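Heads up: the structure comes next, in structure tokens.
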Amino acid sequence: MSASHAEGKNYLNCEKGLWSWLTTLDHKRIGIMYMITVMVFFAVGGTFAMLIRGELYSAGRNIVGPETYNQFMTFHGAIMVFMVIIPGIPAFLGNFFLPMHLGAKDVAFPRVNLLSWYCLIVGAAISLVSLIYNGVDTGWTFYTPYSIETNNGTTWMVAGAFVMGFSSILTGLNFIVTTHKLRAPGMTFFNMPLFVWALYSTAVLQVLATPVLGITLMLLIAERVLGVGIFDPTLGGDPVLFQHFFWFYSHPAVYIMILPAMGIVSEIITAFSRKVIFGYKAIAFSSVGIAVVSFFVWGHHMFTSGQSEAAGILFSFITMLVGVPTAIKVFNWVATLYKGSVRFDSPMLFALGFLFLFTIGGVTGIMLATAGLDIHFHDTYFVVAHFHYVMVGGTLMAIMGGFYYWLPKMFGRMYNEFWARITFVLIFVGFNVTFFPQFILGAMGMPRRYYDYLPEFQSLNRISSFGAWTIGTGFLIALFVIIHSIRRGEKATSNPWGAKTLEWTTSSPPPHENFLETPVVTGGPYEFR
Amino acid sequence: MSSGNEIIVGGHKVAHHFDSAEQEFEASKLGIWLFLCTEILMFGGLFVGYVIFHNIYPEMFAEGAKHLDWRLGSLNTVVLLLSSFTMVLSIYYAQTNQQKKTSNMLLITFLCGLVFMVIKAFEYYHKFHLGLYPGSYFSYEHAEHANLAMYFSFYFLMTGLHGTHVLVGMFLIAWLWIRSRRKEFNKDYYTPLEVVGLFWHLVDIIWIYLFPLLYLVG
């Protein structure tokens, strides 16, 4: 065999130099490049979040004026959505572990995989051009007609999001083909880990929904450059059509963000309960179920946009249906914990944090799905709190859990357990301090996206700001924990958690082609007996 | 990296992460079909927009269609259908190891694409000459319907996006032509022909829908 299989050789040291990284076709190295990219974007988006909370610390002007605030809010949203949470799990952890979970040597199209990373980088660079034009102040949703009238930065930001969409499409396409065609001998669909099921469902959404965002953003650019009039009421167009198009993508996109997180949680909970997962098929099919239903719920973003009452009732009902497969997952995870030999290492703490916060996010989602209640909550901080409970309390908690869980495999080093637990406490407590008051503020009627508020909202806003800075501190410490672990952590064994999925059967870090010999699978992924 | 166990089929080296040439071929085909799905959804957005506004302003679309020459549209339809046929033939000749004919058929396919684009360019030029620009650049003075500009927005967006796909297809076919001149395709290896061929057929089918919607409507 080749040199890469010699003693001490792994994917990290089999080739050297920056160029070997920028041209690599190894899914693991591409995963690591995504990791670094996403961490950088997260730092930028997070900084904007800190500044937003700084401005909202007191009523009136604190650090910036209203125009700058609108840009902070737009950059925070756009960066976190398009550059952090969407690529966060699939393109980083998914890229690294989907082929390993299947017992494959790589994804089906390694060149396309590399291309998807370049799409993200080029798209991000294009959206940065918007800074020359004094930024973007539309919010990440680019609603017409305001997005047609405002400054030219919007065109660049939208063009950047268009290019980044291809990154997402290509990743999804690769995952679907890999799952269908590159499974190791004996790896039937029902022997696949649940992380793969979650990524597969996500990939279907990425492939089917993202092109609609592509054409929508293209139309918006055409609207700004040519004045085509399709979304412009003065030319006979319809601005609400933009909302329909936009949410036809962006609602499934919310599940692009949360489904892979559910996959990670399934892996962690079963590994740290040392027990076969409860209801494997129920969890697997509920991922697919969520993916399917997610295409038919976009109208719940438009309960107040003048869509017909019948449509509102229908969308309200279908939206509540999402609660069913989601609840199935939560109950199965809890049932897995029951009578398990539970270990509370940091990955497990984050998974349990996910369970707690995501459930709050989900239940408030049902409240918002109720069309009548939504009239009151629409565009208030209640909505802001709801989706942060899902996106941060759900997805980011899962990313952190997955990061700690797989760090020993990715870099062959252990992290410092004590400090990792400190980060959990800071992030978990800080998160609730930040966003729980926002539920109350929203119910009291504080509108979202405004740079100022009435004096009676000040005390709750202050609590929220302190919470945000606590989260920020938590993530900063997490960064040091991760860097310290990669550079000086203790050497990790090939299976420090005693987990059963395939990636733990190979060395840490894995060799270039993942396994020295193609694994032969004889049973399910979680055989703790 | 595993230089020890390379698989070579029909002169083509199977990528290291596949176990067999067949597995690689199947993966490529599934990949391109998924990609075609994304294309359909992307054009789907435009078609949905078309349907909605056609519902609101049917007379506007009828008036707009009068400005298009159905004979040029029909000619282009025939040209594209012919090109799809020659594309299929090129795959057939590769499968039967007739490499000279494969490259000739690819050349004809490419030329059909070129003819299509030239005719399209003449049509565009004629519209610009009359002031039938999209959206806010519209300067035609004899429009009966107030929003006729929007018809031409749809016309230029839909045919423009389609034309871009024709150009990409022509570029890919030219690349295949060079490779086929090097005799790289044969009965054991013709994956790129198959994949580009499927893309070319989709471009063709989209035109089959665009033609009646834009030229024959009303």
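Labels used: A, B, ... for chains in the order of the structure tokens, numbers from 1 for residues in each chain, and numbers from 1 for ligands as shown.
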* To do: At a cut-off of 9 Å, list the chain A residues touching chain B, using only C-alpha atoms, as a PyMOL selection string.
  => chain A and resi 1-4+104-109+169-170+173-174+176-178+180-182+207-216+219+222-223+226-230+235-237+241+245+512-513
* Could you work out how far atom CA of A:Gln206 lies from atom CA of A:Ser168, giving the answer in Å with one decimal? -> 6.1 Å
* To do: Please provide the set of residues having any atom within 12 Å of B:Leu82, restricted to only C-alpha atoms, with same-chain residues fewer than 5 positions apart removed, written as a list in words.
  => Leu75, Asn76, Thr77, Met87, Val88, Leu89, Met105, Leu106, Ile108, Thr109, Phe110, Leu111, Cys112, Gly113, Val115, Phe116, Trp200, His201 and Asp204 of chain B
The selected residues should be written to file as an mmCIF file, in the first residue's frame (atoms: C-alpha atoms).
data_model
loop_
_atom_site.group_PDB
_atom_site.id
_atom_site.type_symbol
_atom_site.label_atom_id
_atom_site.label_comp_id
_atom_site.auth_asym_id
_atom_site.auth_seq_id
_atom_site.Cartn_x
_atom_site.Cartn_y
_atom_site.Cartn_z
ATOM 1 C CA LEU B 75 -36.909 27.588 -36.165
ATOM 2 C CA ASN B 76 -34.988 27.703 -32.888
ATOM 3 C CA THR B 77 -37.181 24.925 -31.495
ATOM 4 C CA MET B 87 -26.265 14.496 -28.793
ATOM 5 C CA VAL B 88 -27.950 11.126 -28.321
ATOM 6 C CA LEU B 89 -26.283 9.831 -31.475
ATOM 7 C CA MET B 105 -22.048 14.416 -33.873
ATOM 8 C CA LEU B 106 -20.665 16.550 -31.040
ATOM 9 C CA ILE B 108 -23.059 19.250 -35.120
ATOM 10 C CA THR B 109 -24.567 19.601 -31.633
ATOM 11 C CA PHE B 110 -22.239 22.489 -30.903
ATOM 12 C CA LEU B 111 -23.081 24.184 -34.213
ATOM 13 C CA CYS B 112 -26.813 23.839 -33.505
ATOM 14 C CA GLY B 113 -26.250 25.612 -30.201
ATOM 15 C CA VAL B 115 -27.208 28.739 -34.631
ATOM 16 C CA PHE B 116 -29.695 29.010 -31.778
ATOM 17 C CA TRP B 200 -28.277 19.479 -22.813
ATOM 18 C CA HIS B 201 -31.645 17.703 -22.993
ATOM 19 C CA ASP B 204 -33.780 21.744 -24.704
#
* Please return as a PyMOL selection string: the residues of stretch 40-130 of chain A that backbone DSSP assigns to helix (DSSP H, G or I). => chain A and resi 40-55+66-102+110-130
* In Å, with one decimal, what is the gap from atom CA of A:Phe317 to atom CA of A:Leu357? -> 23.7 Å
* Structure fact -> Students should find that atom CA of A:Arg421 and atom CA of A:Lys339 are spaced 23.7 Å
